[in-house]
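One structure below.
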Amino acid sequence: MSDNTKKWFSLRLNSKKKQSTGSCSCGNTSGGCGSHSKDQISDQEFDAAVDAAIGDERKKDGFDQVFDVKMDRRTAFRKLTASLVIGAGAVSTSCNLTSGEESKEKAQIDWEEQFKGNYKLMTDDEKKATVDRLVRSYQLRKGQNISMSSKNAEKDVLFGYAFNISKCQGYMDCVSACVEENNQDRNSQMQYIRIHEMKDGKGLKFDEADDNYYHEVPAEGHFYMGTQCFHCDNPPCVEVCPVQATWREEDGLVVVDYDWCVGCRYCMAACPYDGRRFNWSTPEVPENEINKNQHYLGNRMRKKGVMEKCTFCVQRSRAGKNPACVEACPTGARIFGNLLDPNSTIRWVLNNKKVFRLKEDLGTEPKFWYFMD
Amino acid sequence: MNRYNNIHILICILLVSTLFFSCKHGEDEYHSITDKIEAKSKDYHGTSISSEQYLEGVKTIEITEGDHTFLIPERKSQIKSYACAECHSKPLHEMQHTDESKKAHWDIKLAHADQNTMNCITCHNGDDMNDLKSLTGTTIDFNRSYKLCSQCHNKQFDDWKGGAHGKKLAGWAPPRASMTCVNCHNPHKPSFETKWPARYNTQKVKERE
Amino acid sequence: MKRLKVFKSLVRDSIDTTTQGSKKYHLWMALLTFVMLIGMYCYSLQLEHGLSVTGMTDRVSWGLYISNFTFLVGVAAAAVMLVMPTYVLKDIDFKQAVLIGEGLAVAALIMCLAFVVADMGGPSVLWHMIPGIGVFNFPNSMLTWDVIVLNGYLFINITIPFYILFRRYQGKVPNPKVYVPGAILSVFWAVGIHLVTAFLYQGLQARPFWNNALLGPRFLASAFAAGPALIILVLAIIRTFTEFKIEDKTIKKIGMIVTVAAQINLIMLVSELFKEFYAPTHHSESAYYLFFGLHGKTALLPWIWTAIPLNVLATILLTFGKLRNNLKVLYFCCFILFIAIWIEKGFGLIVPGFIPGPYGKISEYMPTGIEIGVTLGIWALGAFVFTILAKTAIKIETGKLRFKTK
């Protein structure tokens, strides 16, 4: 068991010669073999981690020894990818030999985050565990506590939205509230809502409308109309996603699992309503502006290269509140509610006003209606 | 060539069967969203989500108008100088023109309809300032001031009752608590003003150019 | 065991073959490596900063990468034009060309996959797409169909030539019973990959420019023009630089294929233009933008007005047998046709699909330097792969590379 019988490459960053572990029968020269790792010093753990990232020859994944991760799922795949980018990233985190429990935990969280499953397919316990992990991760990284919900859709709820064109004055308080509520990237000024300024007497001419105005409103001879994700009942974006990273929940919300999304942007091409947004770079929100009341499917922090969209503020709506845009609107142009409740105000609007939806001929069945006084 | 034909047929069958199995069959067979809403709300028994917690600390009163029963915020405790009779101890015409009395409400300018239609006493009762009065002189409580507005704005009143006009007080979930007219509109100057938008409505600043 | 030995020797021999060559060959490979390195550097920048280094935005969310991907699927599919007559109809003329064609298909497919990966926002989580450990939204998402057919096609196009070359390497004759069924399958498959790729766009009701029934057939027609055109050019190069004999007859026959496909493509183009401009609806806005510009936004005009005249000129020249049979004219036509279709089916198809946007908003797209760098790198990768494949294949086919039994 000397170094010259070694068949794989291992980094030797520490000049200190390792004591030979004679009783070890696993064939490792530089790393611990599992039974030893716990009571030996950190440079051995480090070597084991490096080895795992470099070679597959070992029978056991080095990360097992280092992090004591349970190998219940995707074992084979983890071994295969141990040498890949993320593995290397996790190793580099664990290389800070000040290490301690915290960085170890951080690395383990990263590792589990990288290989967690699709939220849609998780059991309630798994959802809870994922959310707890994310909360803990945030605590480790930023030293601050957030609350994150994994609340499921409630029975007998189907969310719907109505927009009163006569009332909207183009103040854009909704846009502002939405950005603050949903932790959208401030750099690219991402906004879920667009307010279109249209000329009176031209009808709904979206192509001649200005969705980019900045002047005193309401402007003479203009009316305003807001668009956002319409949470279609037959959403084309969901249909086309190759990995089911986006889906329609039981309560009608069309949501995205940001961590499952691969960033192909097919859903963006499929959406007829310009409802989806992409994180072209890492989203940035100043720490003191972060909304810490979060939901896994809603306003938690996103990464670069994933899709996001309006969720009718799932973190609010599933708790009985109105979405931020509805609450912020000073004119009452926005109405939100449960479509299945015959006594709800949204139902009254649908039954008593002359409502219409955009591009109804596409068969997407948006749950977002427009009406006029 | 016979064998090729067989292969051909086989491939065709495969293709057709994949197409068949891949045909979309929606999980629910409703023809449209309105059908779905109608069908699914037939056996609606309420949800466990409530917005009651968000009403804590807000004084509300329950009103019933037509088929609609809902909460609106209580008004009197929100008016700083209520009860009015503390100053308005005498009827209004007696208080006017007395020079030694302090001027009050001097900053109120009525910008509501025109002079021919409305002045102060269209709504206020000069003889009893603690209450409002309707056009025909019946007393209207300050808490139910919407009754005053609804005399002219009956269309808005209908929309408000149903929920198409105005805002909710707490959340979408029951119990329904709606803001009343004066929560958004200043009765002396009810229309909204022009102002600058809350922010740029743009995805990127460069797109503006 | 013996097969493994032969395989080992083949690998060793092919490495020898590909690392040895004339000065020109080395220069060519060095150039490709250099471009690839540039591409990798650009890609590393993209990985670090995200796709914001490209010209794509929320309004135009696919660009140069997906354009090239679409075009190259067509090139890959075109290998079938050579496979069909060779294996099935026993047309001896094409036999030499077919290995080159399949090599080209493999290179094109590798480029396709590379372009798709380059376009991804999260390449590190691409395993989400692997059935079993990830979630594969089959059959609902056309993209999953595309993944299946592309990888399947890649597999077919690697195994068939490999089998043939492996037999030849040992000095044996390939057994048609083994490779002919595979060849027939690949014929269907090639049509499949291109139709499925067309369906990727065709199935989006959100984008009226793509959502037309002619898109699929037009994809096929343009692919069967551009692909064989590229094969002709490659054969011409191979003819001049190696001892691999390719008869004029073969090239002229492929030229015939290019001609017919280009003619059909032109007819479909006319039909499409007629529909868009004779009775324009608001769905024709994208076409207006592409050909004439909208509201002063004219970024695509130089591209499309290069492509259309080149396309028409090439098709007209090719239509006349006398001109077509003149190899110099044929090469020229193939070159301009290739360029024309690359523009038309890449840039001219993908970008206007997003312009104007769902609400009529026009914001234009221009690729950035980094995007172009990655694209060039991937093209260099394709050329590199193809050169290696072709060099080995030619050596085996000409009998210079044989397994030596010790």
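Just remember, in the structure tokens the first chain shown is A, the second B, etc., residues are 1-based per chain, and ligands are 1-based in the order shown.
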Which residues are close to Pro235 of chain A, i.e. within 10 Å by only C-alpha atoms, leaving aside same-chain residues fewer than 4 positions away? Reply as a list in words.
Phe230, His231, Glu239, Val240, Thr246, Trp247, Arg248, Val254, Cys267, Ala270, Cys271, Pro272, Gly363, Thr364, Glu365 and Pro366 of chain A
Could you list, as a count of residues only, every residue of chain C that has an atom within 12 Å of an atom of chain B, counting only C-alpha atoms?
29
Write out as a ChimeraX atom specification all residues of segment 97-331 of chain A that backbone DSSP assigns to strand (DSSP E).
/A:147-149,159-164,194-199,222-227,246-248,254-256,276-278,293-295,307-309
Kindly determine which residues of chain C lie within 7 Å of chain A, considering only C-alpha atoms, and give the answer as a VMD selection string.
chain C and resid 49 to 52 58 61 119 to 123 125 to 126 128 to 129 133 135 to 137 140 to 144 204 to 206 358 to 361
Keeping only N, CA and C atoms, take the residues you just selected and write them out as a PDB file, in the first residue's frame.
```
ATOM      1  N   HIS C  49     -21.003  34.938 -16.638  1.00  0.00           N
ATOM      2  CA  HIS C  49     -21.886  36.094 -16.509  1.00  0.00           C
ATOM      3  C   HIS C  49     -23.333  35.797 -16.874  1.00  0.00           C
ATOM      4  N   GLY C  50     -23.570  34.606 -17.400  1.00  0.00           N
ATOM      5  CA  GLY C  50     -24.926  34.297 -17.812  1.00  0.00           C
ATOM      6  C   GLY C  50     -25.156  34.710 -19.258  1.00  0.00           C
ATOM      7  N   LEU C  51     -26.348  34.412 -19.731  1.00  0.00           N
ATOM      8  CA  LEU C  51     -26.650  34.670 -21.138  1.00  0.00           C
ATOM      9  C   LEU C  51     -26.796  36.164 -21.431  1.00  0.00           C
ATOM     10  N   SER C  52     -26.609  36.982 -20.416  1.00  0.00           N
ATOM     11  CA  SER C  52     -26.694  38.423 -20.667  1.00  0.00           C
ATOM     12  C   SER C  52     -25.552  38.898 -21.552  1.00  0.00           C
ATOM     13  N   ASP C  58     -35.519  39.384 -23.183  1.00  0.00           N
ATOM     14  CA  ASP C  58     -36.824  38.787 -22.955  1.00  0.00           C
ATOM     15  C   ASP C  58     -37.715  38.891 -24.197  1.00  0.00           C
ATOM     16  N   SER C  61     -35.896  35.908 -27.446  1.00  0.00           N
ATOM     17  CA  SER C  61     -35.249  35.025 -26.476  1.00  0.00           C
ATOM     18  C   SER C  61     -34.459  33.893 -27.122  1.00  0.00           C
ATOM     19  N   ASP C 119     -26.989  27.228 -25.709  1.00  0.00           N
ATOM     20  CA  ASP C 119     -28.141  28.106 -25.545  1.00  0.00           C
ATOM     21  C   ASP C 119     -28.797  27.952 -24.180  1.00  0.00           C
ATOM     22  N   MET C 120     -28.448  26.887 -23.465  1.00  0.00           N
ATOM     23  CA  MET C 120     -29.105  26.603 -22.192  1.00  0.00           C
ATOM     24  C   MET C 120     -28.712  27.611 -21.114  1.00  0.00           C
ATOM     25  N   GLY C 121     -29.655  27.949 -20.274  1.00  0.00           N
ATOM     26  CA  GLY C 121     -29.342  28.824 -19.152  1.00  0.00           C
ATOM     27  C   GLY C 121     -28.637  28.068 -18.039  1.00  0.00           C
ATOM     28  N   GLY C 122     -28.955  26.790 -17.891  1.00  0.00           N
ATOM     29  CA  GLY C 122     -28.349  26.006 -16.818  1.00  0.00           C
ATOM     30  C   GLY C 122     -27.788  24.696 -17.324  1.00  0.00           C
ATOM     31  N   PRO C 123     -26.637  24.741 -17.979  1.00  0.00           N
ATOM     32  CA  PRO C 123     -26.082  23.494 -18.521  1.00  0.00           C
ATOM     33  C   PRO C 123     -25.734  22.477 -17.432  1.00  0.00           C
ATOM     34  N   VAL C 125     -27.503  21.560 -15.007  1.00  0.00           N
ATOM     35  CA  VAL C 125     -28.640  20.754 -14.582  1.00  0.00           C
ATOM     36  C   VAL C 125     -29.310  20.078 -15.775  1.00  0.00           C
ATOM     37  N   LEU C 126     -28.540  19.906 -16.848  1.00  0.00           N
ATOM     38  CA  LEU C 126     -29.118  19.262 -18.025  1.00  0.00           C
ATOM     39  C   LEU C 126     -29.522  17.818 -17.734  1.00  0.00           C
ATOM     40  N   HIS C 128     -31.477  16.903 -15.702  1.00  0.00           N
ATOM     41  CA  HIS C 128     -32.926  16.878 -15.445  1.00  0.00           C
ATOM     42  C   HIS C 128     -33.686  16.310 -16.624  1.00  0.00           C
ATOM     43  N   MET C 129     -33.021  16.297 -17.784  1.00  0.00           N
ATOM     44  CA  MET C 129     -33.710  15.851 -18.985  1.00  0.00           C
ATOM     45  C   MET C 129     -33.530  14.356 -19.220  1.00  0.00           C
ATOM     46  N   ILE C 133     -33.548   9.482 -14.127  1.00  0.00           N
ATOM     47  CA  ILE C 133     -33.121  10.297 -12.987  1.00  0.00           C
ATOM     48  C   ILE C 133     -33.714  11.699 -13.057  1.00  0.00           C
ATOM     49  N   VAL C 135     -36.798  14.262 -15.278  1.00  0.00           N
ATOM     50  CA  VAL C 135     -38.181  14.166 -15.741  1.00  0.00           C
ATOM     51  C   VAL C 135     -38.176  14.497 -17.218  1.00  0.00           C
ATOM     52  N   PHE C 136     -38.694  13.599 -18.010  1.00  0.00           N
ATOM     53  CA  PHE C 136     -38.673  13.786 -19.448  1.00  0.00           C
ATOM     54  C   PHE C 136     -40.110  13.979 -19.892  1.00  0.00           C
ATOM     55  N   ASN C 137     -40.447  15.196 -20.276  1.00  0.00           N
ATOM     56  CA  ASN C 137     -41.844  15.512 -20.562  1.00  0.00           C
ATOM     57  C   ASN C 137     -42.243  14.994 -21.940  1.00  0.00           C
ATOM     58  N   ASN C 140     -45.439  15.242 -24.499  1.00  0.00           N
ATOM     59  CA  ASN C 140     -46.062  16.556 -24.631  1.00  0.00           C
ATOM     60  C   ASN C 140     -45.160  17.591 -25.261  1.00  0.00           C
ATOM     61  N   SER C 141     -43.893  17.610 -24.847  1.00  0.00           N
ATOM     62  CA  SER C 141     -42.995  18.649 -25.327  1.00  0.00           C
ATOM     63  C   SER C 141     -42.295  18.205 -26.600  1.00  0.00           C
ATOM     64  N   MET C 142     -42.392  19.023 -27.643  1.00  0.00           N
ATOM     65  CA  MET C 142     -41.717  18.684 -28.895  1.00  0.00           C
ATOM     66  C   MET C 142     -40.211  18.663 -28.718  1.00  0.00           C
ATOM     67  N   LEU C 143     -39.723  19.374 -27.723  1.00  0.00           N
ATOM     68  CA  LEU C 143     -38.283  19.393 -27.495  1.00  0.00           C
ATOM     69  C   LEU C 143     -37.789  18.015 -27.061  1.00  0.00           C
ATOM     70  N   THR C 144     -38.611  17.281 -26.323  1.00  0.00           N
ATOM     71  CA  THR C 144     -38.191  15.933 -25.934  1.00  0.00           C
ATOM     72  C   THR C 144     -38.181  15.010 -27.151  1.00  0.00           C
ATOM     73  N   LEU C 204     -46.275  26.342 -32.080  1.00  0.00           N
ATOM     74  CA  LEU C 204     -46.457  27.436 -31.127  1.00  0.00           C
ATOM     75  C   LEU C 204     -47.504  28.415 -31.643  1.00  0.00           C
ATOM     76  N   GLN C 205     -48.685  28.366 -31.026  1.00  0.00           N
ATOM     77  CA  GLN C 205     -49.727  29.284 -31.499  1.00  0.00           C
ATOM     78  C   GLN C 205     -49.385  30.722 -31.166  1.00  0.00           C
ATOM     79  N   ALA C 206     -48.389  30.897 -30.309  1.00  0.00           N
ATOM     80  CA  ALA C 206     -48.011  32.247 -29.909  1.00  0.00           C
ATOM     81  C   ALA C 206     -47.240  32.973 -30.998  1.00  0.00           C
ATOM     82  N   PRO C 358     -45.419  39.417 -28.707  1.00  0.00           N
ATOM     83  CA  PRO C 358     -46.837  39.085 -28.549  1.00  0.00           C
ATOM     84  C   PRO C 358     -47.745  40.314 -28.510  1.00  0.00           C
ATOM     85  N   TYR C 359     -47.247  41.450 -28.055  1.00  0.00           N
ATOM     86  CA  TYR C 359     -48.079  42.648 -28.026  1.00  0.00           C
ATOM     87  C   TYR C 359     -47.620  43.671 -29.056  1.00  0.00           C
ATOM     88  N   GLY C 360     -46.959  43.178 -30.103  1.00  0.00           N
ATOM     89  CA  GLY C 360     -46.604  44.080 -31.190  1.00  0.00           C
ATOM     90  C   GLY C 360     -45.376  44.916 -30.931  1.00  0.00           C
ATOM     91  N   LYS C 361     -44.710  44.637 -29.832  1.00  0.00           N
ATOM     92  CA  LYS C 361     -43.522  45.433 -29.508  1.00  0.00           C
ATOM     93  C   LYS C 361     -42.338  44.976 -30.376  1.00  0.00           C
TER      94      LYS C 361
END
```
Determine which residues of chain A sit within 8 Å of chain B, taking into account only C-alpha atoms, and present them as a PDB file with N, CA and C atoms, in the first residue's frame.
```
ATOM      1  N   GLU A 154     -54.936  24.832  -2.025  1.00  0.00           N
ATOM      2  CA  GLU A 154     -56.069  24.482  -1.170  1.00  0.00           C
ATOM      3  C   GLU A 154     -57.171  23.887  -2.032  1.00  0.00           C
ATOM      4  N   LYS A 155     -57.956  22.992  -1.450  1.00  0.00           N
ATOM      5  CA  LYS A 155     -59.100  22.441  -2.182  1.00  0.00           C
ATOM      6  C   LYS A 155     -60.145  23.535  -2.427  1.00  0.00           C
ATOM      7  N   ASP A 156     -60.901  23.373  -3.500  1.00  0.00           N
ATOM      8  CA  ASP A 156     -62.000  24.293  -3.786  1.00  0.00           C
ATOM      9  C   ASP A 156     -61.552  25.731  -3.994  1.00  0.00           C
ATOM     10  N   VAL A 157     -60.339  25.884  -4.468  1.00  0.00           N
ATOM     11  CA  VAL A 157     -59.872  27.220  -4.806  1.00  0.00           C
ATOM     12  C   VAL A 157     -59.377  27.217  -6.243  1.00  0.00           C
ATOM     13  N   GLY A 170     -52.722  54.223 -15.003  1.00  0.00           N
ATOM     14  CA  GLY A 170     -51.321  54.147 -15.404  1.00  0.00           C
ATOM     15  C   GLY A 170     -50.331  54.608 -14.364  1.00  0.00           C
ATOM     16  N   TYR A 171     -50.740  54.581 -13.095  1.00  0.00           N
ATOM     17  CA  TYR A 171     -49.835  55.054 -12.043  1.00  0.00           C
ATOM     18  C   TYR A 171     -48.646  54.118 -11.821  1.00  0.00           C
ATOM     19  N   MET A 172     -48.839  52.859 -12.166  1.00  0.00           N
ATOM     20  CA  MET A 172     -47.791  51.843 -12.025  1.00  0.00           C
ATOM     21  C   MET A 172     -47.389  51.548 -10.591  1.00  0.00           C
ATOM     22  N   ASP A 173     -48.254  51.825  -9.651  1.00  0.00           N
ATOM     23  CA  ASP A 173     -47.977  51.383  -8.289  1.00  0.00           C
ATOM     24  C   ASP A 173     -47.936  49.867  -8.227  1.00  0.00           C
ATOM     25  N   VAL A 175     -46.772  47.841 -10.559  1.00  0.00           N
ATOM     26  CA  VAL A 175     -45.468  47.384 -11.042  1.00  0.00           C
ATOM     27  C   VAL A 175     -44.443  47.485  -9.925  1.00  0.00           C
ATOM     28  N   SER A 176     -44.468  48.604  -9.270  1.00  0.00           N
ATOM     29  CA  SER A 176     -43.525  48.852  -8.195  1.00  0.00           C
ATOM     30  C   SER A 176     -43.692  47.852  -7.055  1.00  0.00           C
ATOM     31  N   SER A 188     -31.521  44.345 -14.193  1.00  0.00           N
ATOM     32  CA  SER A 188     -32.143  44.364 -15.520  1.00  0.00           C
ATOM     33  C   SER A 188     -33.520  44.990 -15.451  1.00  0.00           C
ATOM     34  N   GLN A 189     -33.901  45.471 -14.266  1.00  0.00           N
ATOM     35  CA  GLN A 189     -35.222  46.053 -14.051  1.00  0.00           C
ATOM     36  C   GLN A 189     -36.328  45.145 -14.557  1.00  0.00           C
ATOM     37  N   MET A 190     -36.234  43.912 -14.126  1.00  0.00           N
ATOM     38  CA  MET A 190     -37.240  42.955 -14.562  1.00  0.00           C
ATOM     39  C   MET A 190     -38.590  43.295 -13.949  1.00  0.00           C
ATOM     40  N   GLN A 191     -39.627  43.223 -14.764  1.00  0.00           N
ATOM     41  CA  GLN A 191     -40.988  43.486 -14.290  1.00  0.00           C
ATOM     42  C   GLN A 191     -41.940  42.473 -14.887  1.00  0.00           C
ATOM     43  N   ARG A 194     -46.715  44.674 -17.388  1.00  0.00           N
ATOM     44  CA  ARG A 194     -46.493  45.786 -18.315  1.00  0.00           C
ATOM     45  C   ARG A 194     -47.805  46.573 -18.413  1.00  0.00           C
ATOM     46  N   ILE A 195     -47.688  47.900 -18.348  1.00  0.00           N
ATOM     47  CA  ILE A 195     -48.873  48.733 -18.511  1.00  0.00           C
ATOM     48  C   ILE A 195     -48.776  49.371 -19.893  1.00  0.00           C
ATOM     49  N   ASP A 211     -45.637  50.817 -24.007  1.00  0.00           N
ATOM     50  CA  ASP A 211     -45.538  50.176 -22.697  1.00  0.00           C
ATOM     51  C   ASP A 211     -44.245  50.612 -22.013  1.00  0.00           C
ATOM     52  N   ASN A 212     -43.807  51.790 -22.376  1.00  0.00           N
ATOM     53  CA  ASN A 212     -42.486  52.238 -21.980  1.00  0.00           C
ATOM     54  C   ASN A 212     -42.522  53.719 -21.616  1.00  0.00           C
ATOM     55  N   TYR A 213     -43.699  54.194 -21.161  1.00  0.00           N
ATOM     56  CA  TYR A 213     -43.876  55.640 -20.997  1.00  0.00           C
ATOM     57  C   TYR A 213     -43.325  56.131 -19.670  1.00  0.00           C
ATOM     58  N   TYR A 214     -42.972  57.359 -19.599  1.00  0.00           N
ATOM     59  CA  TYR A 214     -42.649  57.979 -18.317  1.00  0.00           C
ATOM     60  C   TYR A 214     -43.008  59.453 -18.383  1.00  0.00           C
ATOM     61  N   HIS A 215     -44.228  59.765 -18.079  1.00  0.00           N
ATOM     62  CA  HIS A 215     -44.712  61.140 -18.044  1.00  0.00           C
ATOM     63  C   HIS A 215     -45.901  61.166 -17.098  1.00  0.00           C
ATOM     64  N   GLU A 216     -46.415  62.355 -16.843  1.00  0.00           N
ATOM     65  CA  GLU A 216     -47.526  62.440 -15.911  1.00  0.00           C
ATOM     66  C   GLU A 216     -48.726  61.664 -16.448  1.00  0.00           C
ATOM     67  N   VAL A 217     -49.356  60.891 -15.552  1.00  0.00           N
ATOM     68  CA  VAL A 217     -50.487  60.076 -15.987  1.00  0.00           C
ATOM     69  C   VAL A 217     -51.703  60.362 -15.105  1.00  0.00           C
ATOM     70  N   PRO A 218     -52.890  60.129 -15.569  1.00  0.00           N
ATOM     71  CA  PRO A 218     -53.231  59.656 -16.917  1.00  0.00           C
ATOM     72  C   PRO A 218     -53.056  60.760 -17.959  1.00  0.00           C
ATOM     73  N   ASP A 233     -55.651  28.333 -18.228  1.00  0.00           N
ATOM     74  CA  ASP A 233     -56.078  27.019 -17.768  1.00  0.00           C
ATOM     75  C   ASP A 233     -55.533  25.938 -18.699  1.00  0.00           C
ATOM     76  N   SER A 317     -51.247  34.841  -1.911  1.00  0.00           N
ATOM     77  CA  SER A 317     -52.590  34.397  -2.266  1.00  0.00           C
ATOM     78  C   SER A 317     -52.965  33.106  -1.536  1.00  0.00           C
ATOM     79  N   ARG A 318     -51.997  32.221  -1.340  1.00  0.00           N
ATOM     80  CA  ARG A 318     -52.339  30.980  -0.632  1.00  0.00           C
ATOM     81  C   ARG A 318     -52.543  31.218   0.857  1.00  0.00           C
ATOM     82  N   ALA A 319     -52.174  32.405   1.317  1.00  0.00           N
ATOM     83  CA  ALA A 319     -52.410  32.725   2.718  1.00  0.00           C
ATOM     84  C   ALA A 319     -53.664  33.573   2.870  1.00  0.00           C
ATOM     85  N   GLY A 320     -54.398  33.755   1.789  1.00  0.00           N
ATOM     86  CA  GLY A 320     -55.652  34.490   1.866  1.00  0.00           C
ATOM     87  C   GLY A 320     -55.557  35.948   1.494  1.00  0.00           C
ATOM     88  N   LYS A 321     -54.342  36.427   1.259  1.00  0.00           N
ATOM     89  CA  LYS A 321     -54.184  37.841   0.919  1.00  0.00           C
ATOM     90  C   LYS A 321     -54.361  38.054  -0.578  1.00  0.00           C
ATOM     91  N   ASN A 322     -54.444  39.306  -0.960  1.00  0.00           N
ATOM     92  CA  ASN A 322     -54.465  39.641  -2.373  1.00  0.00           C
ATOM     93  C   ASN A 322     -53.029  39.745  -2.876  1.00  0.00           C
ATOM     94  N   GLU A 327     -53.259  44.816  -4.120  1.00  0.00           N
ATOM     95  CA  GLU A 327     -53.251  45.623  -2.912  1.00  0.00           C
ATOM     96  C   GLU A 327     -52.722  47.028  -3.185  1.00  0.00           C
ATOM     97  N   PRO A 330     -54.166  51.924  -6.529  1.00  0.00           N
ATOM     98  CA  PRO A 330     -54.931  52.940  -5.806  1.00  0.00           C
ATOM     99  C   PRO A 330     -56.317  53.161  -6.396  1.00  0.00           C
ATOM    100  N   THR A 331     -56.579  52.609  -7.576  1.00  0.00           N
ATOM    101  CA  THR A 331     -57.849  52.901  -8.241  1.00  0.00           C
ATOM    102  C   THR A 331     -58.833  51.751  -8.172  1.00  0.00           C
ATOM    103  N   GLY A 332     -58.407  50.620  -7.619  1.00  0.00           N
ATOM    104  CA  GLY A 332     -59.316  49.479  -7.559  1.00  0.00           C
ATOM    105  C   GLY A 332     -59.588  48.859  -8.910  1.00  0.00           C
ATOM    106  N   ALA A 333     -58.627  48.991  -9.812  1.00  0.00           N
ATOM    107  CA  ALA A 333     -58.825  48.433 -11.145  1.00  0.00           C
ATOM    108  C   ALA A 333     -58.578  46.933 -11.173  1.00  0.00           C
ATOM    109  N   ILE A 335     -59.015  43.135  -9.540  1.00  0.00           N
ATOM    110  CA  ILE A 335     -59.879  42.331  -8.684  1.00  0.00           C
ATOM    111  C   ILE A 335     -59.412  40.886  -8.741  1.00  0.00           C
ATOM    112  N   PHE A 336     -59.282  40.304  -7.568  1.00  0.00           N
ATOM    113  CA  PHE A 336     -58.713  38.972  -7.467  1.00  0.00           C
ATOM    114  C   PHE A 336     -59.594  38.134  -6.572  1.00  0.00           C
ATOM    115  N   GLY A 337     -59.685  36.857  -6.859  1.00  0.00           N
ATOM    116  CA  GLY A 337     -60.510  36.048  -5.979  1.00  0.00           C
ATOM    117  C   GLY A 337     -60.628  34.603  -6.406  1.00  0.00           C
ATOM    118  N   ASN A 338     -61.503  33.901  -5.706  1.00  0.00           N
ATOM    119  CA  ASN A 338     -61.699  32.484  -5.919  1.00  0.00           C
ATOM    120  C   ASN A 338     -62.849  32.270  -6.890  1.00  0.00           C
ATOM    121  N   LEU A 339     -62.532  31.696  -8.050  1.00  0.00           N
ATOM    122  CA  LEU A 339     -63.541  31.516  -9.088  1.00  0.00           C
ATOM    123  C   LEU A 339     -64.588  30.473  -8.701  1.00  0.00           C
ATOM    124  N   LEU A 340     -64.234  29.588  -7.770  1.00  0.00           N
ATOM    125  CA  LEU A 340     -65.176  28.519  -7.417  1.00  0.00           C
ATOM    126  C   LEU A 340     -66.171  28.943  -6.351  1.00  0.00           C
ATOM    127  N   ASP A 341     -65.924  30.078  -5.741  1.00  0.00           N
ATOM    128  CA  ASP A 341     -66.823  30.570  -4.701  1.00  0.00           C
ATOM    129  C   ASP A 341     -67.918  31.413  -5.357  1.00  0.00           C
ATOM    130  N   PRO A 342     -69.148  30.909  -5.389  1.00  0.00           N
ATOM    131  CA  PRO A 342     -70.203  31.635  -6.118  1.00  0.00           C
ATOM    132  C   PRO A 342     -70.468  33.018  -5.532  1.00  0.00           C
ATOM    133  N   THR A 345     -66.347  38.140  -5.221  1.00  0.00           N
ATOM    134  CA  THR A 345     -66.509  39.335  -6.051  1.00  0.00           C
ATOM    135  C   THR A 345     -66.072  39.069  -7.482  1.00  0.00           C
ATOM    136  N   ILE A 346     -65.055  38.222  -7.651  1.00  0.00           N
ATOM    137  CA  ILE A 346     -64.590  37.958  -9.019  1.00  0.00           C
ATOM    138  C   ILE A 346     -65.692  37.270  -9.823  1.00  0.00           C
ATOM    139  N   TRP A 348     -68.854  37.717  -9.323  1.00  0.00           N
ATOM    140  CA  TRP A 348     -69.867  38.726  -9.637  1.00  0.00           C
ATOM    141  C   TRP A 348     -69.449  39.512 -10.873  1.00  0.00           C
ATOM    142  N   VAL A 349     -68.167  39.835 -10.944  1.00  0.00           N
ATOM    143  CA  VAL A 349     -67.663  40.561 -12.113  1.00  0.00           C
ATOM    144  C   VAL A 349     -67.879  39.732 -13.374  1.00  0.00           C
ATOM    145  N   GLU A 365     -57.355  29.670 -22.702  1.00  0.00           N
ATOM    146  CA  GLU A 365     -58.223  29.851 -21.532  1.00  0.00           C
ATOM    147  C   GLU A 365     -57.549  30.603 -20.386  1.00  0.00           C
ATOM    148  N   LYS A 367     -57.065  32.910 -17.184  1.00  0.00           N
ATOM    149  CA  LYS A 367     -57.947  33.213 -16.060  1.00  0.00           C
ATOM    150  C   LYS A 367     -57.757  34.686 -15.660  1.00  0.00           C
TER     151      LYS A 367
END
```
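Atom to atom, atom CA of Glu74 of chain B and atom CA of Thr60 of chain B stand 4.8 Å apart.
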Any idea what the distance is between atom CA of Val178 of chain C and atom CA of Leu99 of chain C?
16.2 Å
Need to verify the contact set: Cys149 of chain B, 12 Å, only C-alpha atoms, exclusion of same-chain residues closer than 5 positions in sequence. Can you return it as a list in words?
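Counting only C-alpha atoms, the residues come to His112, Thr122, Cys123, Leu132, Lys133, Ser134, Leu135, Ile140, Phe142, Arg144, Asn154, Lys155, Gln156, Phe157, Asp158, Trp160, Thr180, Cys181, Val182, His185, Asn186, Pro187, His188 and Pro190 of chain B.
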If you measure from atom CA of Met225 of chain A to atom CA of Met372 of chain A, what distance in Å do you get, rounded to one decimal?
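Calculated distance between atom CA of Met225 of chain A and atom CA of Met372 of chain A is 10.9 Å.
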